[in-house]
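J.: Structure file model-v5.cif, mmCIF, C-alpha atoms and all ligand atoms, is pasted below:
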```
data_structure
#
loop_
_atom_site.label_atom_id
_atom_site.label_comp_id
_atom_site.auth_asym_id
_atom_site.auth_seq_id
_atom_site.Cartn_x
_atom_site.Cartn_y
_atom_site.Cartn_z
CA MET A 1 -155.45 14.74 29.95
CA SER A 2 -153.75 15.46 33.30
CA LYS A 3 -155.20 14.03 36.48
CA ALA A 4 -155.94 17.52 37.81
CA SER A 5 -158.01 18.57 34.78
CA LYS A 6 -159.88 15.21 34.78
CA ASP A 7 -160.74 15.77 38.43
CA SER A 8 -161.95 19.33 37.89
CA GLU A 9 -164.04 18.24 34.90
CA ALA A 10 -165.62 15.60 37.08
CA ALA A 11 -166.30 18.24 39.76
CA VAL A 12 -168.50 20.31 37.42
CA ASP A 13 -171.49 18.81 35.74
CA LEU A 14 -170.46 19.75 32.18
CA PRO A 15 -173.83 19.30 30.42
CA ALA A 16 -175.58 21.23 33.19
CA MET A 17 -173.03 24.04 33.07
CA ARG A 18 -173.28 24.31 29.28
CA LYS A 19 -177.06 24.43 29.60
CA ARG A 20 -176.67 27.37 32.00
CA ILE A 21 -174.31 29.06 29.50
CA ASP A 22 -176.88 28.56 26.73
CA GLU A 23 -179.58 30.14 28.91
CA VAL A 24 -177.38 33.13 29.78
CA ASP A 25 -176.42 33.57 26.10
CA GLN A 26 -180.08 33.65 25.18
CA GLN A 27 -180.73 36.38 27.76
CA ILE A 28 -177.64 38.37 26.69
CA GLN A 29 -178.70 38.20 23.05
CA ALA A 30 -182.25 39.31 23.82
CA LEU A 31 -180.88 42.17 25.97
CA ILE A 32 -178.40 43.29 23.29
CA ASN A 33 -181.27 43.47 20.81
CA GLU A 34 -183.42 45.31 23.33
CA ARG A 35 -180.55 47.79 23.75
CA ALA A 36 -180.23 48.11 19.98
CA ARG A 37 -183.94 48.95 19.73
CA PHE A 38 -183.56 51.68 22.38
CA ALA A 39 -180.53 53.08 20.56
CA GLN A 40 -182.61 53.06 17.37
CA GLN A 41 -185.33 55.05 19.17
CA VAL A 42 -182.71 57.56 20.34
CA GLY A 43 -181.47 57.74 16.73
CA ILE A 44 -184.99 58.46 15.46
CA SER A 45 -185.44 61.16 18.12
CA LYS A 46 -182.41 62.97 16.68
CA GLY A 47 -184.49 63.66 13.58
CA ASP A 48 -184.01 62.78 9.97
CA LEU A 49 -180.24 63.27 9.83
CA ALA A 50 -178.03 62.95 6.81
CA ALA A 51 -175.40 60.41 7.89
CA ALA A 52 -174.06 58.17 10.66
CA VAL A 53 -171.69 60.91 11.79
CA ASP A 54 -174.70 63.03 12.82
CA TYR A 55 -175.97 60.26 15.12
CA TYR A 56 -172.60 59.63 16.73
CA ARG A 57 -172.21 61.02 20.29
CA PRO A 58 -168.67 60.34 21.57
CA GLU A 59 -169.32 62.22 24.81
CA ARG A 60 -172.24 59.88 25.59
CA GLU A 61 -170.17 56.82 24.64
CA ALA A 62 -167.44 57.93 27.06
CA GLU A 63 -170.06 58.26 29.80
CA VAL A 64 -171.42 54.75 29.09
CA LEU A 65 -167.89 53.25 29.18
CA ARG A 66 -167.02 54.98 32.46
CA LYS A 67 -170.15 53.42 33.99
CA VAL A 68 -169.11 50.01 32.66
CA LEU A 69 -165.71 50.43 34.32
CA ALA A 70 -167.16 51.63 37.62
CA ARG A 71 -169.48 48.65 38.01
CA ASN A 72 -167.16 45.93 36.74
CA GLU A 73 -166.51 43.34 39.45
CA GLY A 74 -164.88 40.69 37.29
CA PRO A 75 -163.89 38.00 36.66
CA LEU A 76 -163.57 39.63 33.22
CA ARG A 77 -160.86 42.30 33.22
CA ASP A 78 -161.85 45.97 32.79
CA GLU A 79 -160.10 46.06 29.42
CA GLU A 80 -162.12 43.11 28.10
CA MET A 81 -165.42 44.44 29.44
CA LEU A 82 -164.73 47.84 27.83
CA ARG A 83 -163.94 46.18 24.53
CA LEU A 84 -167.23 44.24 24.56
CA PHE A 85 -169.32 47.33 25.34
CA ARG A 86 -167.50 49.40 22.71
CA GLU A 87 -168.41 46.75 20.15
CA ILE A 88 -172.04 46.74 21.28
CA MET A 89 -172.26 50.54 20.88
CA SER A 90 -170.43 50.35 17.57
CA ALA A 91 -173.03 47.85 16.30
CA CYS A 92 -175.91 49.93 17.69
CA LEU A 93 -174.66 53.02 15.86
CA ALA A 94 -174.04 51.09 12.63
CA GLN A 95 -177.79 50.36 12.48
CA GLN A 96 -178.02 53.81 10.86
CA GLU A 97 -174.98 53.36 8.60
CA PRO A 98 -171.34 52.58 9.55
CA LEU A 99 -169.04 55.49 10.37
CA LYS A 100 -166.20 56.01 7.90
CA VAL A 101 -162.89 56.38 9.72
CA GLY A 102 -159.69 57.26 7.84
CA PHE A 103 -156.37 56.16 9.28
CA LEU A 104 -152.66 56.15 8.52
CA GLY A 105 -152.48 52.91 6.56
CA PRO A 106 -151.94 50.52 5.05
CA GLU A 107 -153.82 47.61 6.64
CA GLY A 108 -152.23 46.15 9.73
CA THR A 109 -150.75 49.34 11.23
CA PHE A 110 -151.11 50.21 14.91
CA THR A 111 -153.22 53.16 13.81
CA GLN A 112 -155.79 50.70 12.43
CA ALA A 113 -155.77 48.85 15.77
CA ALA A 114 -156.39 52.25 17.44
CA VAL A 115 -159.40 52.83 15.13
CA TYR A 116 -161.01 49.55 16.21
CA LYS A 117 -160.15 50.11 19.87
CA HIS A 118 -161.96 53.45 19.87
CA PHE A 119 -164.81 52.96 17.39
CA GLY A 120 -165.34 49.18 17.53
CA HIS A 121 -165.36 46.95 14.44
CA SER A 122 -168.70 48.10 12.97
CA VAL A 123 -167.01 51.01 11.18
CA ARG A 124 -165.51 51.26 7.72
CA ALA A 125 -161.80 51.78 8.30
CA LEU A 126 -160.27 53.58 5.30
CA PRO A 127 -156.47 53.39 4.93
CA PHE A 128 -154.63 56.48 3.60
CA GLY A 129 -150.96 56.79 2.68
CA THR A 130 -149.91 59.79 4.77
CA ILE A 131 -151.00 61.84 7.78
CA ASP A 132 -151.67 64.79 5.43
CA GLU A 133 -154.02 62.65 3.36
CA VAL A 134 -155.96 61.54 6.45
CA PHE A 135 -156.54 65.24 7.29
CA GLN A 136 -157.54 66.07 3.69
CA GLU A 137 -160.05 63.23 3.44
CA VAL A 138 -161.73 64.17 6.72
CA GLU A 139 -161.83 67.83 5.62
CA SER A 140 -163.43 66.91 2.29
CA GLY A 141 -165.99 64.62 3.97
CA VAL A 142 -164.77 61.36 2.36
CA ALA A 143 -164.15 60.17 5.94
CA ASP A 144 -166.26 61.15 8.97
CA PHE A 145 -163.25 60.97 11.31
CA GLY A 146 -159.54 60.33 11.09
CA VAL A 147 -157.10 58.64 13.46
CA VAL A 148 -153.45 59.77 13.51
CA PRO A 149 -150.56 59.14 15.94
CA ILE A 150 -149.59 62.10 18.14
CA GLU A 151 -147.01 60.81 20.63
CA ASN A 152 -145.10 57.76 21.68
CA SER A 153 -144.06 57.16 25.26
CA THR A 154 -140.43 56.54 24.28
CA GLU A 155 -140.01 58.52 21.06
CA GLY A 156 -142.03 61.65 21.88
CA THR A 157 -144.21 63.79 19.65
CA VAL A 158 -145.17 63.05 16.06
CA ASN A 159 -144.40 66.54 14.75
CA ASN A 160 -146.08 65.94 11.40
CA THR A 161 -149.44 65.58 13.15
CA LEU A 162 -148.98 68.68 15.34
CA ASP A 163 -147.93 70.77 12.33
CA MET A 164 -151.08 69.82 10.42
CA PHE A 165 -153.11 71.86 12.92
CA LEU A 166 -151.22 75.03 11.88
CA THR A 167 -153.26 75.08 8.70
CA SER A 168 -156.09 72.56 9.06
CA PRO A 169 -159.52 73.64 10.36
CA LEU A 170 -160.14 70.15 11.82
CA LYS A 171 -160.92 69.58 15.49
CA ILE A 172 -159.71 66.94 17.92
CA GLY A 173 -162.58 64.63 18.86
CA GLY A 174 -160.86 62.08 21.09
CA GLU A 175 -157.65 60.41 22.15
CA ILE A 176 -156.74 56.73 22.13
CA GLU A 177 -153.94 55.09 24.06
CA LEU A 178 -152.58 51.85 22.71
CA ARG A 179 -149.93 49.60 24.22
CA ILE A 180 -147.41 48.97 21.43
CA GLU A 181 -146.00 45.46 21.21
CA GLN A 182 -143.36 45.15 18.50
CA HIS A 183 -142.36 41.74 17.16
CA LEU A 184 -139.68 40.70 14.69
CA LEU A 185 -141.55 39.36 11.65
CA GLY A 186 -140.22 37.35 8.73
CA THR A 187 -140.45 34.23 6.61
CA MET A 188 -136.98 32.88 7.48
CA GLN A 189 -136.37 30.11 10.00
CA SER A 190 -133.59 31.71 12.06
CA LEU A 191 -132.06 35.07 12.97
CA GLU A 192 -128.86 34.19 11.04
CA LYS A 193 -130.86 34.41 7.79
CA VAL A 194 -131.85 38.04 8.45
CA GLU A 195 -129.87 40.42 6.20
CA ARG A 196 -131.93 43.58 6.73
CA VAL A 197 -134.80 44.88 8.86
CA CYS A 198 -137.32 47.24 7.27
CA ALA A 199 -139.61 49.24 9.56
CA HIS A 200 -140.84 52.73 10.33
CA GLU A 201 -138.11 54.89 11.92
CA GLN A 202 -140.08 55.07 15.18
CA ALA A 203 -140.30 51.27 15.38
CA LEU A 204 -136.57 50.93 14.67
CA ALA A 205 -135.91 53.48 17.42
CA GLN A 206 -138.22 51.68 19.86
CA CYS A 207 -136.30 48.43 19.32
CA ARG A 208 -132.81 49.98 19.05
CA GLY A 209 -131.34 48.12 22.05
CA TRP A 210 -132.65 44.73 20.99
CA LEU A 211 -131.48 45.17 17.36
CA ARG A 212 -128.00 46.22 18.53
CA GLU A 213 -127.72 43.17 20.77
CA TYR A 214 -129.21 40.42 18.56
CA LEU A 215 -128.81 41.70 14.99
CA PRO A 216 -125.73 43.97 15.20
CA GLN A 217 -124.58 43.33 11.61
CA VAL A 218 -127.82 43.73 9.71
CA GLU A 219 -128.85 46.75 7.69
CA LEU A 220 -131.69 48.81 9.22
CA ILE A 221 -133.93 50.47 6.63
CA GLY A 222 -136.47 53.14 7.57
CA VAL A 223 -139.69 52.98 5.49
CA SER A 224 -142.93 55.01 5.57
CA SER A 225 -144.82 52.53 7.79
CA ASN A 226 -144.35 49.17 9.48
CA ALA A 227 -146.89 47.73 7.07
CA VAL A 228 -144.67 48.73 4.12
CA GLY A 229 -141.80 46.97 5.91
CA ALA A 230 -143.97 43.88 6.44
CA ARG A 231 -144.87 43.79 2.76
CA ARG A 232 -141.17 43.86 1.86
CA ALA A 233 -140.48 41.07 4.37
CA ARG A 234 -143.15 38.98 2.66
CA ASP A 235 -141.79 39.67 -0.86
CA GLU A 236 -137.98 39.75 -0.41
CA SER A 237 -135.75 37.00 0.91
CA GLY A 238 -133.44 38.09 3.72
CA THR A 239 -135.74 40.95 4.76
CA ALA A 240 -137.39 40.97 8.17
CA ALA A 241 -139.83 43.57 9.52
CA ILE A 242 -141.03 44.94 12.83
CA GLY A 243 -144.71 45.02 13.63
CA SER A 244 -147.81 43.88 15.42
CA ASP A 245 -149.66 40.54 15.59
CA ALA A 246 -152.13 42.06 13.11
CA ALA A 247 -149.34 42.85 10.62
CA ALA A 248 -148.03 39.27 10.94
CA GLU A 249 -151.50 37.99 10.07
CA VAL A 250 -152.23 40.43 7.24
CA TYR A 251 -148.84 39.85 5.55
CA ASP A 252 -148.60 36.15 6.32
CA LEU A 253 -145.36 36.42 8.31
CA ARG A 254 -144.00 34.39 11.19
CA ILE A 255 -143.46 36.09 14.55
CA MET A 256 -139.74 35.26 14.85
CA VAL A 257 -139.22 36.99 18.20
CA ASN A 258 -141.95 38.40 20.44
CA ASN A 259 -141.82 41.81 22.12
CA ILE A 260 -138.52 43.20 20.94
CA GLU A 261 -139.36 46.76 22.10
CA ASP A 262 -136.85 48.16 24.59
CA SER A 263 -139.43 49.59 26.96
CA ALA A 264 -142.02 47.18 28.38
CA ASP A 265 -144.64 49.92 28.76
CA ASN A 266 -144.21 51.31 25.28
CA ALA A 267 -147.47 53.04 24.32
CA THR A 268 -148.67 55.38 21.59
CA ARG A 269 -151.34 58.03 21.87
CA PHE A 270 -153.51 58.73 18.84
CA LEU A 271 -155.89 61.60 18.12
CA VAL A 272 -159.32 61.34 16.59
CA ILE A 273 -159.85 64.24 14.20
CA GLY A 274 -163.24 65.42 13.00
CA ARG A 275 -165.03 68.46 11.71
CA ASN A 276 -166.88 69.56 14.87
CA LEU A 277 -166.21 70.48 18.48
CA LEU A 278 -167.75 68.06 20.99
CA ALA A 279 -170.02 68.68 23.96
CA ALA A 280 -168.71 67.95 27.47
CA SER A 281 -168.67 64.34 28.72
CA GLY A 282 -167.92 65.10 32.36
CA LEU A 283 -164.23 64.13 32.28
CA ASP A 284 -162.63 66.04 29.45
CA LYS A 285 -159.43 67.48 28.16
CA THR A 286 -158.96 70.58 25.97
CA THR A 287 -156.17 71.19 23.46
CA ILE A 288 -155.39 74.73 22.32
CA MET A 289 -152.91 76.30 19.93
CA VAL A 290 -151.58 79.72 20.91
CA SER A 291 -148.91 82.25 19.96
CA THR A 292 -148.04 85.73 21.19
CA SER A 293 -145.71 86.87 18.43
CA GLY A 294 -146.06 90.59 17.81
CA THR A 295 -147.80 91.18 21.14
CA ALA A 296 -145.76 89.98 24.10
CA ALA A 297 -142.73 88.59 22.29
CA GLY A 298 -139.42 88.17 24.07
CA ALA A 299 -138.63 87.13 27.60
CA GLY A 300 -141.63 86.14 29.68
CA VAL A 301 -143.78 85.01 26.70
CA LEU A 302 -144.44 81.60 28.11
CA HIS A 303 -145.01 82.99 31.58
CA SER A 304 -147.65 85.41 30.28
CA LEU A 305 -149.38 82.58 28.41
CA LEU A 306 -149.52 80.38 31.48
CA GLN A 307 -150.69 83.07 33.91
CA PRO A 308 -154.45 82.77 33.12
CA PHE A 309 -154.34 79.05 33.94
CA ALA A 310 -152.65 79.71 37.28
CA THR A 311 -155.20 82.46 38.08
CA HIS A 312 -158.15 80.15 37.43
CA GLY A 313 -156.62 76.97 38.87
CA VAL A 314 -156.60 75.09 35.55
CA ASN A 315 -154.19 72.19 35.28
CA ILE A 316 -151.89 72.08 32.23
CA THR A 317 -150.90 68.51 31.37
CA ARG A 318 -148.71 69.05 28.30
CA ILE A 319 -146.91 71.83 26.44
CA GLU A 320 -145.26 71.48 23.04
CA SER A 321 -143.77 74.22 20.89
CA ARG A 322 -143.35 74.15 17.12
CA PRO A 323 -141.93 76.66 14.65
CA SER A 324 -144.83 78.87 13.50
CA ARG A 325 -143.72 78.75 9.83
CA ARG A 326 -144.54 82.48 9.65
CA ARG A 327 -141.00 83.69 10.40
CA ASN A 328 -137.81 82.29 11.86
CA TRP A 329 -137.59 81.70 15.62
CA ASP A 330 -141.28 82.35 16.06
CA TYR A 331 -143.17 79.61 17.89
CA VAL A 332 -146.65 78.26 18.33
CA PHE A 333 -147.48 76.50 21.61
CA PHE A 334 -149.79 73.50 21.88
CA LEU A 335 -151.29 73.07 25.34
CA ASP A 336 -153.36 70.23 26.79
CA ILE A 337 -155.40 71.20 29.82
CA ASP A 338 -157.81 69.40 32.14
CA GLY A 339 -161.48 70.25 31.64
CA HIS A 340 -163.77 71.27 28.79
CA ALA A 341 -163.24 74.54 26.87
CA GLU A 342 -166.83 75.62 27.33
CA GLN A 343 -167.04 74.92 31.06
CA SER A 344 -165.87 76.98 34.00
CA PRO A 345 -163.06 77.54 35.02
CA VAL A 346 -161.45 76.60 31.66
CA SER A 347 -163.71 78.96 29.69
CA GLU A 348 -162.64 81.95 31.87
CA ALA A 349 -158.92 81.08 31.57
CA LEU A 350 -159.24 80.75 27.79
CA ALA A 351 -161.09 84.08 27.47
CA GLU A 352 -158.19 85.82 29.25
CA LEU A 353 -155.58 84.01 27.20
CA ARG A 354 -157.32 84.94 23.95
CA GLU A 355 -156.85 88.62 24.89
CA LEU A 356 -153.08 88.15 25.23
CA SER A 357 -152.44 86.20 22.06
CA SER A 358 -151.91 86.95 18.41
CA LEU A 359 -153.07 83.48 17.44
CA PHE A 360 -155.52 81.42 19.47
CA ARG A 361 -157.53 78.36 18.52
CA VAL A 362 -159.30 75.67 20.51
CA LEU A 363 -158.26 72.53 18.65
CA GLY A 364 -160.67 70.35 20.57
CA ALA A 365 -162.33 69.46 23.85
CA TYR A 366 -162.86 65.73 24.15
CA PRO A 367 -163.26 62.84 26.63
CA ARG A 368 -160.04 61.70 28.31
CA ALA A 369 -158.83 58.33 27.01
CA ILE A 370 -160.56 55.41 28.73
CA SER A 371 -158.06 52.58 28.75
O1 LIG B 401 -177.20 58.02 23.32
C1 LIG B 401 -177.22 58.23 22.10
O2 LIG B 401 -177.24 59.39 21.63
C2 LIG B 401 -177.26 57.10 21.15
O3 LIG B 401 -177.37 57.31 19.95
C3 LIG B 401 -177.05 55.70 21.66
C4 LIG B 401 -175.63 55.23 21.58
C5 LIG B 401 -175.51 53.88 22.35
O4 LIG B 401 -175.50 52.85 21.72
O5 LIG B 401 -175.47 53.93 23.61
C6 LIG B 401 -175.26 55.01 20.16
C7 LIG B 401 -174.50 55.89 19.45
C8 LIG B 401 -173.98 57.11 20.02
O6 LIG B 401 -172.71 57.37 19.55
C9 LIG B 401 -174.02 57.13 21.48
C10 LIG B 401 -174.73 56.23 22.19
#
```
Could you render the structure from this file as structure tokens?
Ligand SMILES: O=C(O)C(=O)C[C@]1(C(=O)O)C=C[C@@H](O)C=C1
T.:
Amino acid sequence: MSKASKDSEAAVDLPAMRKRIDEVDQQIQALINERARFAQQVGISKGDLAAAVDYYRPEREAEVLRKVLARNEGPLRDEEMLRLFREIMSACLAQQEPLKVGFLGPEGTFTQAAVYKHFGHSVRALPFGTIDEVFQEVESGVADFGVVPIENSTEGTVNNTLDMFLTSPLKIGGEIELRIEQHLLGTMQSLEKVERVCAHEQALAQCRGWLREYLPQVELIGVSSNAVGARRARDESGTAAIGSDAAAEVYDLRIMVNNIEDSADNATRFLVIGRNLLAASGLDKTTIMVSTSGTAAGAGVLHSLLQPFATHGVNITRIESRPSRRRNWDYVFFLDIDGHAEQSPVSEALAELRELSSLFRVLGAYPRAIS
């Protein structure tokens, strides 16, 4: 032991300090159970409902977490404090029955990490093979909610997810932002032993610069998810993968090189999809899908669509266009706007927009991501 740490240990009375910790733990535990009893009372007041999903109130959870953030004075970081409170609420809700949350699997994907970040660990996370399957299983009721990627800060939109809304009746019930840390994973002892790297195309793209510099000769193979790549790295000699700490653990791989992503603030945004529209939480975002084909087609289409937002002072934070799949060169626009669809001034802007459009759907109004 270094002299400095010996000195600081001598400066605190260790047994006394641990006794204080024990006392605080006892109070925390009693308070958590008191909270759980209150949550149970709230649950009972909601009536004799069918399933956990009927007790879940994401707008209230967002409000609770914003209060946690506002009063946090440290030393624990905001992120840690949020995580603890999310877990407490997750456990309180699971007293009824755990929520079932479908995600783009298999085990160990970033999407699974996003599920736990948003819902806590007291849920049943159900892995599905494709984004389409996640939508189907939420629609059929096998899962209460689904979590799918929507955009990456370096690679842009996940078109597959956006396109699902063209036909799916599901609603957006939340967004999750996750910092993406990509590591090179494998069983080999050195980089020279790597013959190929298997990972999802997005992960390969996010690490393009690093791969070009350190593994210029190796074959890069795009697979359906990083977890599939990790499984191959576990089972094949000469194959390495790209993935998270969780994937390294699940597939029993060594982290050969940490943080090989080209951009240090690489993040992915995920959407929570469910069957119902949510009530306002006080700090919300609305996503709509709109098209004017057949009404105001041609020059000025986009301008006419945006006019109602300008008139009512509503802030648009994102616009994406996708082929409508009805006819060639016909587009559907996806807009994210600040505020809740059912509250003024958003409701007025949307009423005007609805008049101008041939296709109009509120895909969801949900609490803004709380990091
Ligand atoms: O406030 C409620 O409606 C509750 O059911 C309580 C509680 C909580 O633990 O704070 C639990 C689950 C809900 O998703 C939201 C909040």
J.: Residues contacting ligand LIG 401 (chain B) - anything with an atom at most 10 Å away, using all atoms listed in the file - can you give me those as a VMD selection string?
T.: chain A and resid 35 to 46 52 to 65 85 to 96 119
J.: So that each row is one residue of range 85-121 of chain A with an atom at most 9 Å from range 131-145 of chain A, can you give its shortest atom pair and the distance in Å to one decimal, using only C-alpha atoms, rows by chain and rising number, as JSON lines?
T.:
```
{"residue": "A:Leu99", "atom": "CA", "partner": "A:Asp144", "partner_atom": "CA", "distance": 6.5}
{"residue": "A:Lys100", "atom": "CA", "partner": "A:Ala143", "partner_atom": "CA", "distance": 5.0}
{"residue": "A:Val101", "atom": "CA", "partner": "A:Phe145", "partner_atom": "CA", "distance": 4.9}
{"residue": "A:Gly102", "atom": "CA", "partner": "A:Ala143", "partner_atom": "CA", "distance": 5.7}
{"residue": "A:Phe103", "atom": "CA", "partner": "A:Val134", "partner_atom": "CA", "distance": 6.1}
{"residue": "A:Leu104", "atom": "CA", "partner": "A:Ile131", "partner_atom": "CA", "distance": 6.0}
```
J.: Taking all atoms listed in the file into account, which of A:Glu192, A:Glu175, A:Asp336, A:Glu348 comes nearest Ile319 in chain A?
T.: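 Answer, going by the shortest atom-to-atom distance: A:Asp336.
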J.: Can you measure CA of Glu107 in chain A to CA of Pro367 in chain A for me? One decimal in Å is fine.
T.: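 Between CA of Glu107 in chain A and CA of Pro367 in chain A the gap works out to 26.8 Å.
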J.: What is the CA of Leu185 in chain A-CA of Gly243 in chain A distance in Å, reported with one decimal?
T.: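 Distance reported for this atom pair: 6.8 Å.
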J.: Quote the spacing between CA of Phe360 in chain A and CA of Asn328 in chain A in Å to one decimal place.
T.: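 According to the coordinates, CA of Phe360 in chain A and CA of Asn328 in chain A are separated by 19.3 Å.
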J.: Hey, which of A:Pro169, A:Gly238, A:Pro308, A:Gly129 ends up closest to Ser190 in chain A? Count only C-alpha atoms.
T.: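 Nearest to Ser190 in chain A: A:Gly238.
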J.: Between A:Ala227, A:Ala203, A:Leu350, A:Ala264, which has the minimum distance to Val314 in chain A (counting only C-alpha atoms)?
T.: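 Checking each of A:Ala227, A:Ala203, A:Leu350, A:Ala264 against Val314 in chain A, counting only C-alpha atoms, the winner is A:Leu350.
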J.: How would you write as number ranges by chain the residues that get within 12 Å of (-142.3, 62.7, 18.3) in the file's frame, counting only C-alpha atoms?
T.: A: 149-163, 201-203, 205-206, 268-270, 320-322
J.: Identify, on the basis of all atoms listed in the file, every residue whose closest approach to Asp245 in chain A does not exceed 9 Å; exclude the query and any residue fewer than 2 positions from it along the same chain; express the result as JSON, numbers by chain.
T.: {"A": [108, 181, 182, 183, 243, 247, 248, 249, 250, 255]}
J.: Go through A:Arg83, A:Lys285, A:Thr317, A:Arg18 and flag the residue nearest Val68 in chain A, using all atoms listed in the file for the distances.
T.: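 The shortest atom-to-atom distance to Val68 in chain A comes from A:Arg83.
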J.: Using only C-alpha atoms, can you tell me which of A:Ala233, A:Ala16, A:Ile316, A:Cys198 comes closest to Glu219 in chain A?
T.: A:Cys198
J.: My list of candidates is A:Val362, A:Ala11, A:Leu31, A:Leu76. Which is closest to Asn276 in chain A when distances are computed with all atoms listed in the file?
T.: A:Val362
J.: Within 12 Å of (-165.3, 76.1, 26.7) (coordinates as in the file), grab all the protein and nucleic acid residues, counting only C-alpha atoms, and write them out as an MDAnalysis selection string.
T.: chainID A and resid 277:280 284:288 337:351 361:366
J.: What's the 8 Å shell around His200 in chain A, counting all atoms listed in the file, without same-chain residues fewer than 6 positions away, as a list in words?
T.: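 In the requested format, the answer is Gly222, Val223, Ser224, Ser225, Asn226 and Gly229 of chain A.
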